[in-house]
$ cat my_file18.cif   # mmCIF, C-alpha atoms and all ligand atoms
data_model
#
loop_
_atom_site.label_atom_id
_atom_site.label_comp_id
_atom_site.auth_asym_id
_atom_site.auth_seq_id
_atom_site.Cartn_x
_atom_site.Cartn_y
_atom_site.Cartn_z
CA MET T 4 38.17 -12.02 -23.67
CA THR T 5 35.25 -11.87 -21.25
CA ASN T 6 32.36 -14.28 -20.66
CA LYS T 7 30.10 -11.42 -19.68
CA LYS T 8 26.85 -11.45 -21.65
CA THR T 9 25.21 -8.38 -20.09
CA ASP T 10 25.63 -4.95 -21.63
CA GLU T 11 26.19 -2.34 -18.93
CA ASN T 12 25.36 0.41 -21.40
CA ALA T 13 21.84 -0.88 -21.98
CA PRO T 14 19.15 1.56 -20.76
CA PHE T 15 18.03 1.26 -17.13
CA LEU T 16 15.33 -1.40 -16.80
CA THR T 17 12.78 -0.53 -14.11
CA PHE T 18 11.39 -3.45 -12.12
CA ALA T 19 7.81 -2.42 -12.98
CA LYS T 20 6.16 -0.31 -15.65
CA PRO T 21 2.53 0.65 -16.36
CA CYS T 22 1.18 -0.39 -19.75
CA LEU T 23 -1.20 2.22 -21.21
CA SER T 24 -3.09 1.87 -24.50
CA GLU T 25 -3.22 4.75 -27.02
CA GLU T 26 -6.94 5.26 -26.34
CA THR T 27 -6.08 6.07 -22.73
CA TYR T 28 -4.27 9.27 -23.74
CA ARG T 29 -7.27 10.37 -25.82
CA ASP T 30 -9.74 9.58 -23.02
CA VAL T 31 -7.72 11.43 -20.40
CA GLU T 32 -7.44 14.42 -22.74
CA ALA T 33 -11.20 14.33 -23.27
CA VAL T 34 -11.77 14.42 -19.50
CA LEU T 35 -9.34 17.32 -19.18
CA ARG T 36 -11.21 19.20 -21.92
CA SER T 37 -14.64 18.35 -20.51
CA GLY T 38 -14.32 20.74 -17.58
CA TRP T 39 -15.21 17.96 -15.11
CA LEU T 40 -12.00 16.63 -13.58
CA THR T 41 -13.01 15.25 -10.22
CA THR T 42 -15.47 12.48 -9.22
CA GLY T 43 -18.13 12.29 -11.91
CA PRO T 44 -19.48 10.15 -14.76
CA LYS T 45 -16.18 8.36 -15.43
CA VAL T 46 -15.92 7.22 -11.81
CA ALA T 47 -19.56 6.06 -11.90
CA GLN T 48 -18.84 4.05 -15.07
CA PHE T 49 -15.61 2.63 -13.63
CA GLU T 50 -17.50 1.42 -10.56
CA LYS T 51 -20.08 -0.25 -12.83
CA ASP T 52 -17.36 -1.94 -14.89
CA LEU T 53 -15.54 -3.11 -11.77
CA SER T 54 -18.80 -4.50 -10.45
CA ALA T 55 -19.31 -6.44 -13.70
CA TYR T 56 -15.74 -7.77 -13.53
CA PHE T 57 -16.42 -9.03 -10.01
CA GLY T 58 -19.62 -10.84 -10.97
CA GLY T 59 -22.06 -8.15 -9.86
CA ARG T 60 -20.57 -7.43 -6.44
CA GLN T 61 -20.56 -3.72 -5.56
CA ALA T 62 -17.44 -1.60 -6.14
CA ARG T 63 -16.58 1.83 -4.74
CA ALA T 64 -13.62 3.71 -6.19
CA ILE T 65 -11.31 5.55 -3.82
CA SER T 66 -7.99 7.41 -3.90
CA SER T 67 -5.74 4.44 -2.95
CA ALA T 68 -5.79 0.99 -1.40
CA THR T 69 -4.40 2.58 1.75
CA ALA T 70 -7.53 4.75 1.93
CA GLY T 71 -9.68 1.70 1.16
CA LEU T 72 -8.18 -0.39 3.96
CA GLN T 73 -8.64 2.43 6.45
CA LEU T 74 -12.24 3.07 5.34
CA ALA T 75 -13.15 -0.63 5.33
CA LEU T 76 -11.80 -1.03 8.87
CA LEU T 77 -13.77 2.02 10.02
CA ALA T 78 -16.87 0.86 8.15
CA ILE T 79 -16.98 -2.49 9.99
CA GLY T 80 -17.11 -0.46 13.22
CA LEU T 81 -13.66 -1.22 14.60
CA ARG T 82 -13.42 0.03 18.18
CA GLU T 83 -10.36 1.34 20.03
CA GLY T 84 -8.11 -1.58 20.96
CA ASP T 85 -9.85 -4.18 18.79
CA GLU T 86 -7.37 -6.72 17.51
CA VAL T 87 -6.88 -7.27 13.79
CA ILE T 88 -4.82 -10.22 12.59
CA THR T 89 -2.48 -9.80 9.63
CA THR T 90 0.97 -10.69 8.31
CA PRO T 91 4.35 -9.08 9.09
CA LEU T 92 5.46 -9.58 5.46
CA THR T 93 3.53 -6.79 3.76
CA PHE T 94 3.72 -3.16 2.79
CA VAL T 95 3.40 -1.13 5.96
CA ALA T 96 0.07 0.37 4.80
CA THR T 97 -1.61 -2.89 5.86
CA LEU T 98 -0.54 -2.30 9.47
CA ASN T 99 -0.71 1.50 9.48
CA THR T 100 -4.37 1.48 8.47
CA ILE T 101 -5.25 -0.91 11.31
CA VAL T 102 -3.67 1.56 13.74
CA GLN T 103 -5.33 4.57 12.04
CA ALA T 104 -8.72 2.89 12.44
CA GLY T 105 -8.08 2.42 16.18
CA GLY T 106 -7.12 -1.25 16.03
CA LYS T 107 -4.16 -3.21 17.33
CA PRO T 108 -2.24 -5.24 14.74
CA VAL T 109 -1.75 -8.86 15.80
CA LEU T 110 0.63 -10.73 13.52
CA ILE T 111 1.12 -14.36 12.60
CA ASP T 112 4.16 -15.78 10.85
CA ILE T 113 4.24 -16.73 7.17
CA ASP T 114 4.65 -20.00 5.35
CA PRO T 115 8.24 -19.59 4.07
CA ASN T 116 7.44 -21.41 0.83
CA THR T 117 4.44 -19.39 -0.32
CA ARG T 118 5.22 -16.27 1.78
CA ASN T 119 1.53 -15.98 2.67
CA MET T 120 0.16 -16.03 6.24
CA ASP T 121 0.49 -19.51 7.72
CA MET T 122 -3.17 -20.37 8.28
CA SER T 123 -2.28 -23.13 10.76
CA LEU T 124 -1.32 -20.29 13.16
CA LEU T 125 -4.57 -18.35 12.75
CA GLU T 126 -6.80 -19.99 15.34
CA ALA T 127 -4.22 -19.60 18.13
CA ALA T 128 -3.93 -15.85 17.47
CA ILE T 129 -7.65 -15.23 18.07
CA THR T 130 -8.63 -13.69 21.42
CA PRO T 131 -11.90 -12.21 22.74
CA ARG T 132 -10.64 -8.81 21.41
CA THR T 133 -10.19 -10.04 17.83
CA ARG T 134 -12.57 -8.31 15.41
CA ALA T 135 -11.13 -8.86 11.96
CA ILE T 136 -8.54 -10.59 9.80
CA VAL T 137 -6.69 -8.73 7.04
CA PRO T 138 -5.02 -11.36 4.86
CA VAL T 139 -2.60 -10.19 2.15
CA HIS T 140 -2.49 -12.17 -1.08
CA PHE T 141 1.27 -11.77 -1.23
CA ALA T 142 2.74 -11.06 -4.69
CA GLY T 143 -0.64 -12.04 -6.19
CA LEU T 144 -0.88 -15.55 -4.72
CA PRO T 145 -4.26 -16.09 -3.02
CA VAL T 146 -4.08 -17.15 0.61
CA ASP T 147 -5.86 -20.32 1.75
CA LEU T 148 -9.32 -18.73 1.80
CA ASP T 149 -11.19 -21.92 2.77
CA THR T 150 -9.37 -22.12 6.10
CA LEU T 151 -9.51 -18.36 6.53
CA TYR T 152 -13.27 -17.98 6.02
CA ALA T 153 -14.09 -21.14 8.02
CA THR T 154 -12.10 -19.73 10.96
CA ALA T 155 -13.61 -16.26 10.57
CA LYS T 156 -17.12 -17.74 10.54
CA LYS T 157 -16.45 -19.88 13.62
CA HIS T 158 -15.29 -16.83 15.60
CA ASN T 159 -17.65 -14.29 14.04
CA LEU T 160 -14.84 -12.17 12.59
CA ARG T 161 -14.87 -9.77 9.65
CA VAL T 162 -12.45 -10.31 6.77
CA ILE T 163 -10.90 -7.46 4.78
CA GLU T 164 -8.73 -8.96 2.07
CA ASP T 165 -5.76 -6.77 1.14
CA CYS T 166 -5.84 -7.45 -2.60
CA ALA T 167 -3.29 -4.77 -3.51
CA HIS T 168 -1.31 -7.46 -5.41
CA ALA T 169 -4.14 -9.76 -6.35
CA ILE T 170 -6.59 -8.20 -8.78
CA GLY T 171 -6.88 -10.78 -11.58
CA ALA T 172 -6.01 -13.74 -9.33
CA GLU T 173 -8.34 -16.70 -8.69
CA TYR T 174 -8.92 -19.05 -5.80
CA ASN T 175 -10.53 -22.42 -6.54
CA GLY T 176 -11.81 -21.17 -9.89
CA GLN T 177 -13.34 -17.97 -8.45
CA LYS T 178 -11.99 -14.46 -8.92
CA ILE T 179 -10.39 -12.85 -5.90
CA GLY T 180 -12.92 -10.08 -5.23
CA GLY T 181 -15.75 -12.20 -6.66
CA PHE T 182 -16.74 -13.66 -3.28
CA GLY T 183 -16.13 -13.25 0.43
CA ASP T 184 -16.55 -10.33 2.82
CA ILE T 185 -14.64 -7.15 1.80
CA GLN T 186 -11.76 -6.78 -0.69
CA VAL T 187 -9.51 -3.78 -1.26
CA MET T 188 -7.74 -3.28 -4.62
CA SER T 189 -4.83 -0.98 -5.49
CA PHE T 190 -4.38 0.86 -8.79
CA HIS T 191 -0.93 2.29 -8.02
CA PRO T 192 1.21 2.46 -11.20
CA ASN T 193 3.25 -0.62 -10.22
CA LYS T 194 0.17 -2.78 -9.69
CA ASN T 195 -1.57 -5.24 -12.03
CA MET T 196 -3.68 -2.39 -13.43
CA THR T 197 -3.48 1.31 -12.72
CA THR T 198 -5.41 4.57 -12.47
CA GLY T 199 -2.23 6.57 -11.65
CA GLU T 200 -3.01 6.34 -7.97
CA GLY T 201 -6.27 4.80 -6.87
CA GLY T 202 -8.09 1.91 -5.33
CA ALA T 203 -11.45 0.22 -4.90
CA VAL T 204 -13.42 -1.49 -2.18
CA ILE T 205 -15.50 -4.50 -3.22
CA THR T 206 -18.30 -5.88 -1.04
CA ASP T 207 -21.96 -6.85 -0.94
CA ASP T 208 -22.45 -5.39 2.54
CA LYS T 209 -24.88 -2.48 2.12
CA ASP T 210 -24.01 -0.91 5.47
CA VAL T 211 -20.27 -1.00 4.68
CA LEU T 212 -20.95 0.49 1.23
CA GLN T 213 -22.97 3.35 2.66
CA LYS T 214 -20.31 4.12 5.26
CA ILE T 215 -17.56 4.07 2.64
CA GLU T 216 -19.54 6.43 0.39
CA ARG T 217 -19.82 8.89 3.26
CA LEU T 218 -16.33 8.47 4.69
CA ARG T 219 -14.59 8.87 1.34
CA PHE T 220 -16.06 12.35 0.91
CA HIS T 221 -16.05 14.42 4.11
CA GLY T 222 -18.94 12.52 5.71
CA ILE T 223 -21.28 14.28 3.30
CA ASP T 224 -24.29 12.24 2.28
CA ARG T 225 -23.70 12.97 -1.42
CA GLU T 226 -20.67 13.74 -3.60
CA ALA T 227 -19.65 16.88 -5.50
CA PHE T 228 -21.01 15.44 -8.73
CA ASN T 229 -24.53 15.45 -7.26
CA ARG T 230 -24.21 18.93 -5.81
CA PHE T 231 -22.83 20.64 -8.89
CA SER T 232 -24.84 18.89 -11.59
CA LYS T 233 -28.00 20.48 -13.02
CA SER T 234 -30.25 18.01 -11.24
CA GLY T 235 -28.43 18.32 -7.92
CA SER T 236 -28.98 20.60 -4.95
CA GLN T 237 -26.43 22.87 -3.28
CA HIS T 238 -27.50 21.70 0.17
CA TYR T 239 -25.83 18.83 1.95
CA ASP T 240 -25.60 17.37 5.42
CA VAL T 241 -22.53 15.99 7.21
CA VAL T 242 -23.25 12.82 9.15
CA THR T 243 -19.67 11.93 10.21
CA PRO T 244 -16.27 13.71 10.04
CA GLY T 245 -15.12 11.97 6.87
CA PHE T 246 -12.00 12.04 4.71
CA LYS T 247 -11.11 13.24 1.20
CA TYR T 248 -10.48 9.86 -0.44
CA ASN T 249 -12.52 10.15 -3.64
CA MET T 250 -11.23 9.10 -7.05
CA MET T 251 -11.08 11.68 -9.88
CA ASP T 252 -12.57 11.22 -13.35
CA ILE T 253 -9.05 11.69 -14.76
CA GLN T 254 -8.03 8.53 -12.88
CA ALA T 255 -11.19 6.60 -13.74
CA ALA T 256 -10.64 7.32 -17.45
CA ILE T 257 -7.34 5.43 -17.18
CA GLY T 258 -8.96 2.61 -15.19
CA LEU T 259 -11.76 2.18 -17.75
CA ARG T 260 -9.13 1.37 -20.38
CA GLN T 261 -7.02 -0.78 -18.05
CA LEU T 262 -9.75 -3.09 -16.77
CA PRO T 263 -10.50 -4.80 -20.12
CA MET T 264 -6.74 -5.41 -20.49
CA LEU T 265 -6.26 -6.83 -17.00
CA ASP T 266 -6.65 -10.54 -17.78
CA GLY T 267 -4.26 -10.16 -20.73
CA PHE T 268 -1.76 -8.42 -18.44
CA ILE T 269 -1.94 -11.38 -16.04
CA ASP T 270 -1.40 -13.84 -18.92
CA SER T 271 1.72 -11.92 -20.02
CA ARG T 272 3.04 -11.86 -16.44
CA THR T 273 2.40 -15.61 -16.14
CA GLN T 274 4.32 -16.37 -19.34
CA LEU T 275 7.28 -14.26 -18.22
CA VAL T 276 7.34 -15.93 -14.79
CA LYS T 277 7.24 -19.37 -16.43
CA GLN T 278 10.42 -18.49 -18.31
CA TYR T 279 12.09 -16.96 -15.26
CA ARG T 280 11.31 -20.05 -13.20
CA GLU T 281 12.59 -22.47 -15.83
CA ARG T 282 15.79 -20.55 -16.42
CA LEU T 283 16.62 -19.75 -12.81
CA ALA T 284 15.65 -23.13 -11.33
CA SER T 285 19.16 -24.56 -11.57
CA LEU T 286 20.83 -21.57 -9.88
CA GLU T 287 21.82 -22.72 -6.41
CA LYS T 288 21.93 -19.30 -4.78
CA ILE T 289 18.39 -18.23 -5.59
CA PHE T 290 15.14 -19.44 -3.99
CA LEU T 291 11.95 -19.09 -5.96
CA PRO T 292 8.48 -19.09 -4.36
CA ALA T 293 6.57 -22.39 -4.26
CA ASP T 294 2.98 -23.09 -5.33
CA PRO T 295 0.44 -24.09 -2.68
CA ALA T 296 -1.54 -27.34 -3.01
CA TYR T 297 -4.95 -25.66 -3.49
CA ALA T 298 -6.31 -24.65 -6.90
CA HIS T 299 -5.45 -21.07 -7.74
CA LYS T 300 -4.46 -18.62 -10.47
CA HIS T 301 -1.53 -16.47 -9.41
CA ALA T 302 -1.77 -12.84 -10.51
CA TRP T 303 2.05 -12.57 -10.53
CA HIS T 304 2.12 -8.95 -9.43
CA LEU T 305 5.65 -9.67 -8.21
CA LEU T 306 8.19 -12.39 -8.83
CA THR T 307 10.01 -12.39 -5.52
CA VAL T 308 13.20 -14.39 -5.01
CA LEU T 309 15.44 -14.94 -2.01
CA VAL T 310 19.14 -14.24 -2.50
CA PRO T 311 22.12 -14.22 -0.15
CA GLU T 312 23.38 -10.68 0.65
CA ARG T 313 20.29 -9.08 -0.85
CA ASP T 314 21.48 -5.46 -0.63
CA THR T 315 24.74 -6.27 -2.46
CA PHE T 316 22.75 -8.20 -5.06
CA ILE T 317 20.50 -5.17 -5.67
CA GLU T 318 23.55 -2.86 -5.97
CA LYS T 319 25.30 -5.18 -8.43
CA MET T 320 22.14 -5.50 -10.54
CA LYS T 321 21.86 -1.69 -10.52
CA GLU T 322 25.43 -1.49 -11.84
CA LYS T 323 24.13 -3.57 -14.74
CA ASN T 324 21.33 -1.05 -15.19
CA ILE T 325 18.65 -3.37 -13.88
CA GLY T 326 16.20 -2.18 -11.23
CA ILE T 327 15.24 -4.63 -8.48
CA GLY T 328 12.36 -4.11 -6.05
CA MET T 329 12.37 -4.88 -2.33
CA HIS T 330 9.02 -6.32 -1.20
CA TYR T 331 9.18 -6.36 1.78
CA VAL T 332 11.28 -5.93 4.87
CA CYS T 333 9.14 -6.99 7.83
CA ALA T 334 6.70 -4.30 8.97
CA HIS T 335 6.89 -5.23 12.68
CA LEU T 336 10.57 -4.26 12.79
CA PHE T 337 9.96 -0.59 11.94
CA THR T 338 10.56 1.79 14.84
CA PHE T 339 6.90 2.68 15.43
CA TYR T 340 5.85 -0.97 15.67
CA ARG T 341 8.78 -1.97 17.89
CA GLU T 342 8.19 0.97 20.24
CA THR T 343 4.39 0.86 20.33
CA TYR T 344 3.69 -2.86 20.41
CA GLY T 345 7.02 -4.27 21.62
CA PHE T 346 7.63 -6.31 18.47
CA LYS T 347 11.22 -7.49 18.14
CA GLN T 348 13.56 -9.50 15.99
CA GLY T 349 12.80 -13.18 16.55
CA ASP T 350 9.01 -12.78 16.88
CA PHE T 351 8.27 -14.11 13.37
CA PRO T 352 11.32 -16.11 12.26
CA HIS T 353 10.06 -17.18 8.82
CA ALA T 354 8.93 -13.68 7.86
CA GLU T 355 12.19 -12.19 9.16
CA ASN T 356 14.32 -14.70 7.29
CA VAL T 357 12.42 -14.04 4.07
CA GLY T 358 12.28 -10.27 4.69
CA ALA T 359 16.06 -10.11 5.02
CA ARG T 360 16.71 -11.88 1.70
CA ILE T 361 13.75 -11.06 -0.52
CA CYS T 362 13.73 -8.93 -3.64
CA SER T 363 11.61 -8.61 -6.79
CA LEU T 364 12.88 -9.19 -10.33
CA PRO T 365 11.67 -6.92 -13.17
CA LEU T 366 8.20 -8.00 -14.29
CA PHE T 367 5.60 -6.09 -16.32
CA PRO T 368 3.27 -7.07 -19.16
CA THR T 369 5.22 -5.36 -21.96
CA MET T 370 8.58 -6.76 -20.88
CA THR T 371 10.37 -8.00 -24.00
CA GLN T 372 12.22 -11.26 -24.54
CA SER T 373 15.54 -9.42 -24.73
CA GLU T 374 14.80 -7.59 -21.46
CA LEU T 375 14.05 -10.90 -19.75
CA ASP T 376 17.23 -12.43 -21.23
CA ARG T 377 19.20 -9.46 -19.89
CA VAL T 378 17.87 -9.98 -16.38
CA VAL T 379 18.49 -13.74 -16.40
CA ASP T 380 22.06 -13.26 -17.68
CA ALA T 381 22.73 -10.56 -15.10
CA VAL T 382 21.36 -12.67 -12.23
CA GLN T 383 23.57 -15.55 -13.34
CA GLU T 384 26.62 -13.30 -13.47
CA VAL T 385 25.95 -11.64 -10.12
CA LEU T 386 25.18 -14.87 -8.28
CA VAL T 387 28.18 -16.94 -9.47
C1 LIG T 401 0.13 -5.28 0.31
C2 LIG T 401 -0.20 -3.83 0.07
N1 LIG T 401 -1.23 -3.28 0.70
C3 LIG T 401 -1.59 -1.99 0.51
C4 LIG T 401 -0.87 -1.18 -0.35
C5 LIG T 401 -1.28 0.24 -0.52
O1 LIG T 401 -1.67 0.49 -1.83
P1 LIG T 401 -1.83 2.00 -2.36
O2 LIG T 401 -0.49 2.44 -2.83
O3 LIG T 401 -2.84 1.91 -3.48
O4 LIG T 401 -2.34 2.81 -1.23
C6 LIG T 401 0.22 -1.71 -1.03
C7 LIG T 401 1.00 -0.86 -1.95
O5 LIG T 401 2.08 -1.17 -2.36
C8 LIG T 401 0.57 -3.06 -0.83
O6 LIG T 401 1.61 -3.61 -1.47
#
$ encode --input "my_file18.cif" --output "structure tokens" --more "lines below"
Ligand SMILES: Cc1ncc(COP(=O)(O)O)c(C=O)c1O
Amino acid sequence: MTNKKTDENAPFLTFAKPCLSEETYRDVEAVLRSGWLTTGPKVAQFEKDLSAYFGGRQARAISSATAGLQLALLAIGLREGDEVITTPLTFVATLNTIVQAGGKPVLIDIDPNTRNMDMSLLEAAITPRTRAIVPVHFAGLPVDLDTLYATAKKHNLRVIEDCAHAIGAEYNGQKIGGFGDIQVMSFHPNKNMTTGEGGAVITDDKDVLQKIERLRFHGIDREAFNRFSKSGSQHYDVVTPGFKYNMMDIQAAIGLRQLPMLDGFIDSRTQLVKQYRERLASLEKIFLPADPAYAHKHAWHLLTVLVPERDTFIEKMKEKNIGIGMHYVCAHLFTFYRETYGFKQGDFPHAENVGARICSLPLFPTMTQSELDRVVDAVQEVLV
């Protein structure tokens, strides 16, 4: 007789999964058959739809959030050695792009309960070299934007919100991306909505928009769509040595079908998290994230938990055919950041403590009740 409830022969459950509607397959096929695969009418429409979703703010589609962060930092005119404040508990792209744009990442510790940047530490991190703040809405929970923007205004700093986890979230009744300085979204397949790979920059700043348009396509003043269409001209000028970060119509066709489903995806994630929280609350060995005091809607991109012996936990869950994510080990402890900026263990104790124990439970909009039951049972068995 065994008390085990989990079935080790059940199929492997990935921790995330994109959710594509049937129409998406037809639309992608239509783009493939149209003869126009790269940036074109679908991207233009996707940008319009994103703009409508964000209350009329301007949207520019790009190849990834990583590209968007780099372009946004370049577009604000970051100069060599300018300091940019961010969090150590993030995907390394947040820091890498600061370095790529010529900046120096300056980190502040997190609030261990919410896992977002501790805004009470922000003011003290500002120096005469500080140019920008890149907050990360960790796991889809908006950071304290009132404090952030008040501090940025006081010190005349730019804000580039890393919204890779947060499309669909709200702060004080307003959509993340619906207000503020510059926001960067990710449409990677694990994210709240996808275009395969892809991203978008949202802003009202006309100068930033123009620079992003140029930088995302070789520094050319117009894109391929203009040059190769009947009304376009073959001539172009290059005004800056730009990148190749444009989004393809194949990707935008997926995004056009995902965007109307986004709010429903967030509702499904929220319902699943509610169940997880209720059913795991009594387990002593697991720590769930806490809600901040300010009004917000969590996008629940990730449900991160802290467990003792995280790597063993992940292995044991894998043995039960359940995939667990690891978001994130602290970025400042990677070799490049230790060697280049002298970061070391002990610099950001809360982030390091969380980074050593954190992992993400399976969570995606089409997750079934029996899949959630399987995970809860397995967690209970593994953490006895
Ligand atoms: C916080 C954060 N920022 C940026 C990125 C980069 O996003 P992308 O994969 O679209 O480049 C990610 C991706 O996981 C992320 O989690």
$ residues_near_ligand --input "my_file18.cif" --ligand "ligand LIG 401 (chain T)" --cutoff "9 Å" --atoms "only C-alpha atoms and all ligand atoms" --output "ChimeraX atom specification"
/T:66-72,92-98,139-142,165-168,187-194,200-203,330-331
$ atom_distance --input "my_file18.cif" --atom1 "CA of Asn99 in chain T" --atom2 "CA of Thr343 in chain T"
12.0 Å
$ closest_residue --input "my_file18.cif" --among "T:Ala75, T:Leu283, T:Met251, T:Ala256" --to "Gln383 in chain T" --atoms "only C-alpha atoms"
T:Leu283
$ closest_residue --input "my_file18.cif" --among "T:Leu16, T:Thr89, T:His238, T:Val46" --to "Ser373 in chain T" --atoms "only C-alpha atoms"
T:Leu16
$ closest_residue --input "my_file18.cif" --among "T:Ile65, T:Asn195, T:Ser271, T:Ser123" --to "Lys247 in chain T" --atoms "all atoms listed in the file"
T:Ile65
